[in-house]
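Shown next: final-v9.tsv, given as TSV, C-alpha atoms and all ligand atoms.
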```
chain	number	residue	atom	x	y	z
A	98	MET	CA	0.00	0.00	0.00
A	99	LEU	CA	1.04	3.57	-0.53
A	100	GLN	CA	1.76	5.21	2.76
A	101	THR	CA	-0.24	8.22	3.76
A	102	VAL	CA	2.11	11.11	4.35
A	103	PRO	CA	0.76	14.47	5.40
A	104	ALA	CA	1.66	17.21	2.92
A	105	SER	CA	4.34	19.44	4.35
A	106	SER	CA	3.15	22.69	5.88
A	107	GLU	CA	3.58	25.96	4.09
A	108	LYS	CA	5.59	27.97	6.58
A	109	ALA	CA	7.49	30.71	4.84
A	110	ASP	CA	10.41	30.46	7.26
A	111	ALA	CA	10.85	26.69	6.90
A	112	PRO	CA	13.95	25.74	4.88
A	113	LYS	CA	13.07	24.80	1.34
A	114	ASP	CA	13.41	21.12	0.53
A	115	THR	CA	13.95	21.00	-3.22
A	116	ILE	CA	13.15	17.71	-4.94
A	117	LEU	CA	13.66	18.93	-8.52
A	118	SER	CA	15.94	21.59	-9.86
A	119	VAL	CA	16.09	22.57	-13.52
A	120	ASP	CA	19.10	24.79	-14.08
A	121	ASN	CA	19.41	26.96	-17.12
A	122	ILE	CA	18.55	24.31	-19.72
A	123	GLU	CA	18.50	24.71	-23.44
A	124	VAL	CA	16.56	22.24	-25.58
A	125	VAL	CA	16.96	21.81	-29.29
A	126	TYR	CA	14.75	19.73	-31.61
A	127	ASN	CA	16.14	18.17	-34.78
A	128	GLU	CA	19.58	19.62	-34.01
A	129	TYR	CA	18.64	23.20	-34.81
A	130	VAL	CA	15.23	24.33	-33.48
A	131	LEU	CA	15.99	26.02	-30.14
A	132	VAL	CA	12.87	25.78	-27.96
A	133	LEU	CA	14.02	26.17	-24.35
A	134	ARG	CA	16.38	29.12	-23.92
A	135	GLY	CA	17.90	28.94	-20.47
A	136	LEU	CA	14.96	27.70	-18.43
A	137	SER	CA	15.31	27.36	-14.66
A	138	LEU	CA	12.83	26.28	-12.02
A	139	THR	CA	12.72	24.41	-8.73
A	140	VAL	CA	10.02	22.23	-7.23
A	141	GLU	CA	9.65	21.88	-3.49
A	142	ARG	CA	9.16	18.39	-2.11
A	143	GLY	CA	5.54	17.63	-1.32
A	144	SER	CA	4.21	20.65	-3.19
A	145	ILE	CA	2.05	21.23	-6.22
A	146	THR	CA	3.95	23.61	-8.48
A	147	ALA	CA	2.24	25.12	-11.52
A	148	LEU	CA	3.99	25.84	-14.81
A	149	LEU	CA	1.82	28.13	-16.90
A	150	GLY	CA	2.13	29.61	-20.33
A	151	ALA	CA	0.43	30.08	-23.65
A	152	ASN	CA	0.31	27.45	-26.34
A	153	GLY	CA	3.79	26.90	-27.81
A	154	ALA	CA	5.68	28.43	-24.86
A	155	GLY	CA	7.58	25.19	-24.27
A	156	LYS	CA	5.71	23.67	-21.31
A	157	SER	CA	5.46	20.14	-22.70
A	158	THR	CA	9.07	20.32	-23.84
A	159	THR	CA	10.09	21.18	-20.26
A	160	LEU	CA	8.27	18.13	-18.89
A	161	LYS	CA	9.77	15.87	-21.57
A	162	ALA	CA	13.23	17.20	-20.78
A	163	ILE	CA	12.69	16.16	-17.16
A	164	SER	CA	11.21	12.72	-17.92
A	165	GLY	CA	13.73	11.93	-20.66
A	166	LEU	CA	11.02	11.53	-23.29
A	167	LEU	CA	12.59	14.23	-25.47
A	168	LYS	CA	14.83	11.70	-27.17
A	169	SER	CA	11.93	9.90	-28.79
A	170	GLU	CA	11.06	13.20	-30.52
A	171	ASP	CA	14.59	13.98	-31.64
A	172	GLY	CA	14.98	16.59	-28.94
A	173	GLU	CA	18.11	17.14	-26.88
A	174	ILE	CA	19.23	19.09	-23.82
A	175	THR	CA	22.21	21.02	-25.14
A	176	ARG	CA	22.98	23.13	-22.06
A	177	GLY	CA	22.28	23.19	-18.34
A	178	SER	CA	21.29	20.37	-16.01
A	179	ILE	CA	18.37	18.76	-14.22
A	180	THR	CA	18.78	17.39	-10.69
A	181	PHE	CA	16.22	15.12	-9.04
A	182	ASP	CA	16.60	14.04	-5.43
A	183	GLY	CA	20.32	14.83	-5.53
A	184	GLN	CA	21.03	12.97	-8.80
A	185	ILE	CA	21.72	14.55	-12.16
A	186	ILE	CA	19.13	13.11	-14.57
A	187	SER	CA	19.52	15.37	-17.61
A	188	HIS	CA	20.71	12.66	-19.99
A	189	GLN	CA	19.22	9.63	-18.33
A	190	GLU	CA	17.16	6.97	-20.15
A	191	PRO	CA	13.43	7.46	-19.51
A	192	GLU	CA	13.02	4.04	-17.92
A	193	ARG	CA	15.69	4.85	-15.36
A	194	THR	CA	13.98	8.12	-14.62
A	195	VAL	CA	10.71	6.27	-13.95
A	196	ARG	CA	12.60	3.93	-11.63
A	197	SER	CA	14.09	6.88	-9.79
A	198	GLY	CA	10.57	8.12	-9.07
A	199	ILE	CA	9.34	10.44	-11.83
A	200	PHE	CA	6.21	9.63	-13.81
A	201	GLN	CA	4.79	11.79	-16.60
A	202	VAL	CA	1.09	11.97	-17.41
A	203	MET	CA	1.24	12.98	-21.06
A	204	GLU	CA	-0.88	15.60	-22.71
A	205	GLY	CA	-4.00	14.20	-24.35
A	206	ARG	CA	-4.44	11.24	-21.96
A	207	ARG	CA	-2.14	8.74	-23.61
A	208	ILE	CA	-3.73	5.59	-22.34
A	209	ILE	CA	-3.69	2.38	-24.34
A	210	GLN	CA	-7.04	2.39	-26.09
A	211	ASP	CA	-7.23	-1.30	-26.90
A	212	MET	CA	-6.40	-2.49	-23.41
A	213	THR	CA	-8.77	-2.65	-20.45
A	214	VAL	CA	-8.68	-0.24	-17.51
A	215	LEU	CA	-7.04	-2.92	-15.37
A	216	GLU	CA	-4.37	-3.66	-17.99
A	217	ASN	CA	-3.62	0.05	-18.28
A	218	LEU	CA	-3.24	0.32	-14.52
A	219	LYS	CA	-0.93	-2.69	-14.38
A	220	LEU	CA	1.19	-1.10	-17.09
A	221	GLY	CA	1.79	1.85	-14.76
A	222	ALA	CA	3.40	-0.54	-12.30
A	223	PHE	CA	5.85	-2.02	-14.83
A	224	THR	CA	8.90	-1.01	-12.82
A	225	ARG	CA	7.63	-2.57	-9.59
A	226	SER	CA	8.49	-5.97	-8.27
A	227	ASP	CA	7.00	-5.58	-4.79
A	228	GLY	CA	3.79	-7.32	-3.76
A	229	GLY	CA	1.73	-4.16	-3.35
A	230	VAL	CA	0.41	-3.82	-6.88
A	231	LYS	CA	-2.96	-5.46	-6.20
A	232	ASP	CA	-3.60	-3.26	-3.16
A	233	ASP	CA	-2.68	-0.18	-5.13
A	234	ILE	CA	-5.17	-1.10	-7.86
A	235	ASP	CA	-7.88	-1.14	-5.17
A	236	LEU	CA	-6.54	2.16	-3.90
A	237	VAL	CA	-6.78	3.72	-7.39
A	238	TYR	CA	-10.37	2.45	-7.65
A	239	SER	CA	-11.15	4.09	-4.32
A	240	TYR	CA	-10.12	7.44	-5.79
A	241	PHE	CA	-11.82	6.76	-9.12
A	242	PRO	CA	-14.81	4.52	-8.37
A	243	ARG	CA	-16.15	5.00	-11.89
A	244	LEU	CA	-13.12	3.24	-13.36
A	245	LYS	CA	-13.92	0.06	-11.49
A	246	GLU	CA	-17.26	-0.21	-13.23
A	247	ARG	CA	-15.72	0.08	-16.67
A	248	THR	CA	-14.65	-3.41	-17.68
A	249	GLY	CA	-14.43	-2.83	-21.45
A	250	LEU	CA	-11.58	-1.37	-23.46
A	251	ALA	CA	-10.17	1.95	-22.31
A	252	GLY	CA	-10.86	3.46	-25.73
A	253	TYR	CA	-14.56	3.46	-24.87
A	254	LEU	CA	-14.10	5.59	-21.74
A	255	SER	CA	-15.26	9.20	-21.77
A	256	GLY	CA	-12.64	11.96	-21.93
A	257	GLY	CA	-12.87	12.56	-18.19
A	258	GLU	CA	-12.56	8.86	-17.39
A	259	GLN	CA	-9.52	8.56	-19.66
A	260	GLN	CA	-7.87	11.44	-17.83
A	261	MET	CA	-8.63	9.74	-14.51
A	262	LEU	CA	-7.17	6.49	-15.83
A	263	ALA	CA	-4.03	8.33	-16.94
A	264	ILE	CA	-3.65	9.75	-13.42
A	265	GLY	CA	-4.46	6.37	-11.84
A	266	ARG	CA	-1.79	4.74	-13.98
A	267	ALA	CA	0.74	7.29	-12.76
A	268	MET	CA	-0.17	6.45	-9.14
A	269	MET	CA	0.53	2.78	-9.87
A	270	ALA	CA	4.20	3.61	-10.37
A	271	ARG	CA	4.33	4.98	-6.79
A	272	PRO	CA	6.24	8.02	-8.01
A	273	LYS	CA	7.79	10.72	-5.87
A	274	LEU	CA	7.09	13.29	-8.57
A	275	ILE	CA	4.25	13.34	-11.10
A	276	LEU	CA	4.62	15.54	-14.17
A	277	MET	CA	1.12	16.41	-15.38
A	278	ASP	CA	0.62	17.90	-18.79
A	279	GLU	CA	-2.64	19.85	-19.13
A	280	PRO	CA	-5.00	17.53	-17.29
A	281	SER	CA	-7.88	19.95	-17.98
A	282	MET	CA	-7.52	19.80	-21.74
A	283	GLY	CA	-10.78	19.00	-23.52
A	284	LEU	CA	-12.80	18.47	-20.33
A	285	SER	CA	-16.03	20.20	-19.32
A	286	PRO	CA	-15.75	22.78	-16.50
A	287	LEU	CA	-17.41	20.36	-14.09
A	288	LEU	CA	-14.97	17.57	-14.90
A	289	VAL	CA	-12.02	19.96	-14.71
A	290	LYS	CA	-13.09	20.77	-11.16
A	291	GLU	CA	-13.37	17.08	-10.31
A	292	VAL	CA	-9.96	16.21	-11.79
A	293	PHE	CA	-8.26	19.10	-9.99
A	294	GLY	CA	-9.96	18.07	-6.74
A	295	ILE	CA	-8.46	14.59	-7.13
A	296	ILE	CA	-5.00	15.98	-7.96
A	297	LYS	CA	-5.12	18.03	-4.75
A	298	ARG	CA	-6.27	15.02	-2.71
A	299	LEU	CA	-3.49	12.80	-4.07
A	300	ASN	CA	-0.96	15.44	-3.12
A	301	GLU	CA	-2.38	15.79	0.39
A	302	ASP	CA	-2.95	12.09	1.06
A	303	PHE	CA	0.36	10.74	-0.23
A	304	GLY	CA	2.66	13.74	-0.17
A	305	VAL	CA	3.43	13.10	-3.84
A	306	THR	CA	5.02	16.13	-5.46
A	307	ILE	CA	3.28	17.40	-8.59
A	308	LEU	CA	4.58	19.62	-11.36
A	309	LEU	CA	1.42	20.75	-13.08
A	310	VAL	CA	1.50	22.22	-16.59
A	311	GLU	CA	-1.64	24.12	-17.50
A	312	GLN	CA	-3.18	26.71	-19.75
A	313	ASN	CA	-6.04	26.92	-17.25
A	314	ALA	CA	-4.17	29.30	-14.94
A	315	ALA	CA	-7.06	29.96	-12.58
A	316	MET	CA	-7.55	26.28	-11.74
A	317	ALA	CA	-3.84	25.54	-11.50
A	318	LEU	CA	-3.11	28.51	-9.22
A	319	ALA	CA	-6.05	27.58	-7.03
A	320	CYS	CA	-4.39	24.31	-6.04
A	321	ALA	CA	-0.66	25.07	-6.44
A	322	ARG	CA	1.70	26.41	-3.81
A	323	HIS	CA	4.06	28.11	-6.23
A	324	GLY	CA	3.70	29.10	-9.87
A	325	TYR	CA	5.99	29.79	-12.81
A	326	ILE	CA	4.97	31.62	-15.97
A	327	MET	CA	6.87	30.83	-19.12
A	328	GLU	CA	7.00	32.52	-22.46
A	329	ASN	CA	9.14	31.70	-25.45
A	330	GLY	CA	11.17	29.00	-23.77
A	331	LYS	CA	11.99	30.93	-20.59
A	332	ILE	CA	10.50	31.65	-17.20
A	333	VAL	CA	9.39	35.27	-17.13
A	334	LEU	CA	7.77	35.40	-13.70
A	335	ASP	CA	7.34	33.23	-10.63
A	336	GLY	CA	5.99	33.48	-7.12
A	337	PRO	CA	3.70	31.97	-4.48
A	338	ALA	CA	0.42	30.93	-6.11
A	339	GLU	CA	-1.63	33.30	-3.96
A	340	GLU	CA	0.48	36.24	-5.11
A	341	LEU	CA	0.19	35.25	-8.75
A	342	ARG	CA	-3.57	34.98	-8.36
A	343	GLU	CA	-3.63	38.63	-7.28
A	344	ASN	CA	-1.10	39.82	-9.86
A	345	GLU	CA	-2.77	42.29	-12.22
A	346	ASP	CA	-0.67	41.32	-15.23
A	347	ILE	CA	-1.52	37.67	-14.81
A	348	LYS	CA	-5.17	38.44	-14.32
A	349	GLU	CA	-5.10	40.43	-17.51
A	350	PHE	CA	-3.08	37.83	-19.37
A	351	TYR	CA	-4.64	34.57	-18.24
A	352	LEU	CA	-7.57	35.03	-15.98
A	353	GLY	CA	-9.97	36.73	-18.35
A	354	GLY	CA	-10.07	40.49	-18.78
A	355	SER	CA	-9.63	41.82	-22.28
A	356	GLY	CA	-9.80	38.35	-23.79
A	357	GLU	CA	-6.99	39.17	-26.17
A	358	ARG	CA	-3.78	37.46	-25.18
A	359	LYS	CA	-0.90	39.86	-24.83
A	360	SER	CA	2.76	39.21	-24.53
A	361	PHE	CA	4.28	39.94	-21.16
A	362	LYS	CA	6.90	41.95	-22.99
A	363	ASN	CA	4.23	44.49	-23.91
A	364	ILE	CA	2.79	44.93	-20.45
A	365	LYS	CA	4.37	48.08	-19.08
A	366	SER	CA	3.98	47.30	-15.41
A	367	PHE	CA	5.68	43.97	-15.86
A	368	LYS	CA	9.32	44.07	-14.86
A	369	ARG	CA	11.36	41.22	-16.16
A	370	ARG	CA	13.43	39.68	-13.46
A	371	LYS	CA	17.10	39.98	-14.19
A	372	ARG	CA	17.93	36.55	-12.86
A	373	TRP	CA	15.98	34.88	-15.63
A	374	LEU	CA	17.78	36.67	-18.43
B	1	LIG	N1	9.04	17.22	-31.69
B	1	LIG	C1	9.21	18.50	-32.04
B	1	LIG	N2	9.99	18.85	-33.07
B	1	LIG	C2	10.16	20.17	-33.40
B	1	LIG	N3	9.59	21.19	-32.75
B	1	LIG	C3	8.80	20.89	-31.71
B	1	LIG	C4	8.56	19.55	-31.29
B	1	LIG	N4	7.74	19.57	-30.22
B	1	LIG	C5	7.47	20.86	-29.99
B	1	LIG	N5	8.09	21.66	-30.86
B	1	LIG	C6	8.05	23.14	-30.90
B	1	LIG	O1	8.50	23.63	-29.65
B	1	LIG	C7	7.72	24.74	-29.23
B	1	LIG	C8	7.17	24.47	-27.84
B	1	LIG	O2	6.27	23.37	-27.91
B	1	LIG	P1	5.64	22.73	-26.61
B	1	LIG	O3	6.70	22.39	-25.64
B	1	LIG	O4	4.74	21.63	-27.07
B	1	LIG	O5	4.78	23.96	-26.04
B	1	LIG	P2	3.53	23.99	-25.04
B	1	LIG	O6	3.43	22.67	-24.38
B	1	LIG	O7	3.83	25.11	-24.10
B	1	LIG	O8	2.33	24.30	-25.90
B	1	LIG	C9	6.66	24.96	-30.28
B	1	LIG	O9	7.08	25.98	-31.14
B	1	LIG	C10	6.62	23.63	-31.02
B	1	LIG	O10	6.28	23.82	-32.36
B	2	MG	MG	1.90	21.29	-24.39
```
Would you mind writing the structure in this file as structure tokens?
Ligand SMILES: Nc1ncnc2c1ncn2[C@@H]1O[C@H](COP(=O)(O)OP(=O)(O)O)[C@@H](O)[C@H]1O
Ligand SMILES: [Mg+2]
Amino acid sequence: MLQTVPASSEKADAPKDTILSVDNIEVVYNEYVLVLRGLSLTVERGSITALLGANGAGKSTTLKAISGLLKSEDGEITRGSITFDGQIISHQEPERTVRSGIFQVMEGRRIIQDMTVLENLKLGAFTRSDGGVKDDIDLVYSYFPRLKERTGLAGYLSGGEQQMLAIGRAMMARPKLILMDEPSMGLSPLLVKEVFGIIKRLNEDFGVTILLVEQNAAMALACARHGYIMENGKIVLDGPAEELRENEDIKEFYLGGSGERKSFKNIKSFKRRKRWL
């Protein structure tokens, strides 16, 4: 069974326990398309950290750089480093990264359509040789009771159920860090709320750290502790989630307002932080 660990408290004066550190990385696709241009971020152990940005900013690329899945898309980290739990993982094979405790939930709910729910869940546990897999399947069903009722092929599940299965499969790996790529994509507002509620519960119940990539900034900042905003392959702003929620530029940019998406570069009141340049 997964052990229930209380999520660490949010005291500002407590020393920061960093589980993941991405330091100044550059990522290039096909040997010449530079997509990440000196991106740095840290994720505190036990937290939910949000990585926000418009379409094409490089959010998915950042997650793939961490999980090692870049290689399968002819992408490469050409500068900088990524450290997870004290180990440098920048050029590690993806399977080793899964074994070291990182599991990515891909964008677009990449479950195996012609396998059952149960087979998909077992697949998530492929790196495990302990005897707890059966108990963890029951545990996943307790979080997603609807999945237990679905005995057919996963391809017949609704969009929301497929997203839940993708998250359940990640839990089966017993990861320390889950990388989640746009879990809200394509879901109705009601389902988005439900999925985010479950993400928050998993974080609180198991202390699993979550790096959450989203275009839905309002939802992500409502459950995250810290947020990063990226644009054009770089972080342009970061801060505690509650501060970002109140930040006028972010409200204007992401949380409604004019409706037209502006670039941060063109917002006068926005001061680029020197350390990210
Ligand atoms: N496999 C790839 N090969 C070449 N370019 C890519 C590849 N994947 C993504 N890109 C480019 O990298 C940029 C960032 O993409 P991505 O990381 O998917 O952004 P986001 O997830 O923020 O929408 C985009 O300009 C995209 O076209
Ligand atoms: Mg993406």
Contacts to ligand LIG 1 (chain B) at 6 Å cut-off (only C-alpha atoms and all ligand atoms) as a PDB file with C-alpha atoms, keeping the file's coordinate frame:
```
ATOM      1  CA  TYR A 126      14.750  19.730 -31.610  1.00  0.00           C
ATOM      2  CA  VAL A 132      12.870  25.780 -27.960  1.00  0.00           C
ATOM      3  CA  ASN A 152       0.310  27.450 -26.340  1.00  0.00           C
ATOM      4  CA  GLY A 153       3.790  26.900 -27.810  1.00  0.00           C
ATOM      5  CA  ALA A 154       5.680  28.430 -24.860  1.00  0.00           C
ATOM      6  CA  GLY A 155       7.580  25.190 -24.270  1.00  0.00           C
ATOM      7  CA  LYS A 156       5.710  23.670 -21.310  1.00  0.00           C
ATOM      8  CA  SER A 157       5.460  20.140 -22.700  1.00  0.00           C
ATOM      9  CA  THR A 158       9.070  20.320 -23.840  1.00  0.00           C
ATOM     10  CA  GLU A 170      11.060  13.200 -30.520  1.00  0.00           C
TER      11      GLU A 170
END
```
Surrounding residues as a PDB file with C-alpha atoms, keeping the file's coordinate frame, ligand MG 2 (chain B), max 12 Å, all atoms listed in the file:
```pdb
ATOM      1  CA  LEU A 148       3.990  25.840 -14.810  1.00  0.00           C
ATOM      2  CA  LEU A 149       1.820  28.130 -16.900  1.00  0.00           C
ATOM      3  CA  GLY A 150       2.130  29.610 -20.330  1.00  0.00           C
ATOM      4  CA  ALA A 151       0.430  30.080 -23.650  1.00  0.00           C
ATOM      5  CA  ASN A 152       0.310  27.450 -26.340  1.00  0.00           C
ATOM      6  CA  GLY A 153       3.790  26.900 -27.810  1.00  0.00           C
ATOM      7  CA  ALA A 154       5.680  28.430 -24.860  1.00  0.00           C
ATOM      8  CA  GLY A 155       7.580  25.190 -24.270  1.00  0.00           C
ATOM      9  CA  LYS A 156       5.710  23.670 -21.310  1.00  0.00           C
ATOM     10  CA  SER A 157       5.460  20.140 -22.700  1.00  0.00           C
ATOM     11  CA  THR A 158       9.070  20.320 -23.840  1.00  0.00           C
ATOM     12  CA  THR A 159      10.090  21.180 -20.260  1.00  0.00           C
ATOM     13  CA  LEU A 160       8.270  18.130 -18.890  1.00  0.00           C
ATOM     14  CA  LYS A 161       9.770  15.870 -21.570  1.00  0.00           C
ATOM     15  CA  VAL A 202       1.090  11.970 -17.410  1.00  0.00           C
ATOM     16  CA  MET A 203       1.240  12.980 -21.060  1.00  0.00           C
ATOM     17  CA  GLU A 204      -0.880  15.600 -22.710  1.00  0.00           C
ATOM     18  CA  GLY A 205      -4.000  14.200 -24.350  1.00  0.00           C
ATOM     19  CA  MET A 277       1.120  16.410 -15.380  1.00  0.00           C
ATOM     20  CA  ASP A 278       0.620  17.900 -18.790  1.00  0.00           C
ATOM     21  CA  GLU A 279      -2.640  19.850 -19.130  1.00  0.00           C
ATOM     22  CA  PRO A 280      -5.000  17.530 -17.290  1.00  0.00           C
ATOM     23  CA  SER A 281      -7.880  19.950 -17.980  1.00  0.00           C
ATOM     24  CA  MET A 282      -7.520  19.800 -21.740  1.00  0.00           C
ATOM     25  CA  LEU A 309       1.420  20.750 -13.080  1.00  0.00           C
ATOM     26  CA  VAL A 310       1.500  22.220 -16.590  1.00  0.00           C
ATOM     27  CA  GLU A 311      -1.640  24.120 -17.500  1.00  0.00           C
ATOM     28  CA  GLN A 312      -3.180  26.710 -19.750  1.00  0.00           C
ATOM     29  CA  MET A 327       6.870  30.830 -19.120  1.00  0.00           C
TER      30      MET A 327
END
```
I'd like the contact shell of Ser178 of chain A - 9 Å cut-off, only C-alpha atoms, skipping same-chain residues fewer than 2 positions apart - returned as JSON, numbers by chain. {"A": [118, 119, 120, 121, 122, 174, 176, 180, 185, 186, 187, 188]}
Name the closest residue to Asp171 of chain A among the candidates A:Asn313, A:Asn300, A:Ser226, A:Asn127; distances are taken between atoms, counting all atoms listed in the file.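 Nearest to Asp171 of chain A: A:Asn127.
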Of the residues A:Ile116, A:Ala314, A:Leu284, A:Ala162, which is the one nearest to Arg142 of chain A, using all atoms listed in the file? A:Ile116
Would you list the contacts of segment 246-250 of chain A as an mmCIF file with C-alpha atoms, in the coordinates of the input, taking every protein, DNA or RNA residue within 6 Å and counting all atoms listed in the file, but skipping same-chain residues closer than 3 positions in sequence?
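Heads up, here's the output in out27.cif:
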```cif
data_model
loop_
_atom_site.group_PDB
_atom_site.id
_atom_site.type_symbol
_atom_site.label_atom_id
_atom_site.label_comp_id
_atom_site.auth_asym_id
_atom_site.auth_seq_id
_atom_site.Cartn_x
_atom_site.Cartn_y
_atom_site.Cartn_z
ATOM 1 C CA ASP A 211 -7.230 -1.300 -26.900
ATOM 2 C CA MET A 212 -6.400 -2.490 -23.410
ATOM 3 C CA THR A 213 -8.770 -2.650 -20.450
ATOM 4 C CA ARG A 243 -16.150 5.000 -11.890
ATOM 5 C CA TYR A 253 -14.560 3.460 -24.870
#
```
Between atom CA of Ile295 of chain A and atom CA of Ser255 of chain A, what is the distance in Å, rounded to a tenth? 17.0 Å
Under the rule that all atoms listed in the file are counted, which of A:Arg322, A:Lys290, A:Lys168, A:Lys231 is the nearest residue to Ile307 of chain A?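 When distances to Ile307 of chain A are compared using all atoms listed in the file, the smallest one comes from A:Arg322.
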From A:Gly265, A:Pro191, A:Glu128, A:Ser239, residue lying nearest Asn217 of chain A [only C-alpha atoms]: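 Among the listed residues, the smallest separation from Asn217 of chain A belongs to A:Gly265.
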Between atom CA of Leu131 of chain A and atom CA of Ile275 of chain A, what is the distance, to one decimal in Å?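 Separating atom CA of Leu131 of chain A from atom CA of Ile275 of chain A is a distance of 25.7 Å.
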For atom CA of Glu141 of chain A and atom CA of Pro286 of chain A, determine how far apart the two atoms are, in Å to one decimal place.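 Computing it gives 28.6 Å between the two atoms.
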With 12 Å as the threshold, what does the neighbourhood of (-6.8, 18.7, -2.3) contain in terms of residues, counting all atoms listed in the file? Coordinates are those of the file; answer as a PyMOL selection string. chain A and resi 103-104+144-145+290-305+307+317+319-322
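Distances to Pro337 of chain A were evaluated for A:Thr146, A:Gln189, A:Thr175, A:Thr139 using all atoms listed in the file, and the minimum falls at A:Thr146.
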I need the residue nearest Leu341 of chain A from this list: A:Leu262, A:Ala147, A:Leu215, A:Ile208. Use only C-alpha atoms for the distance. A:Ala147
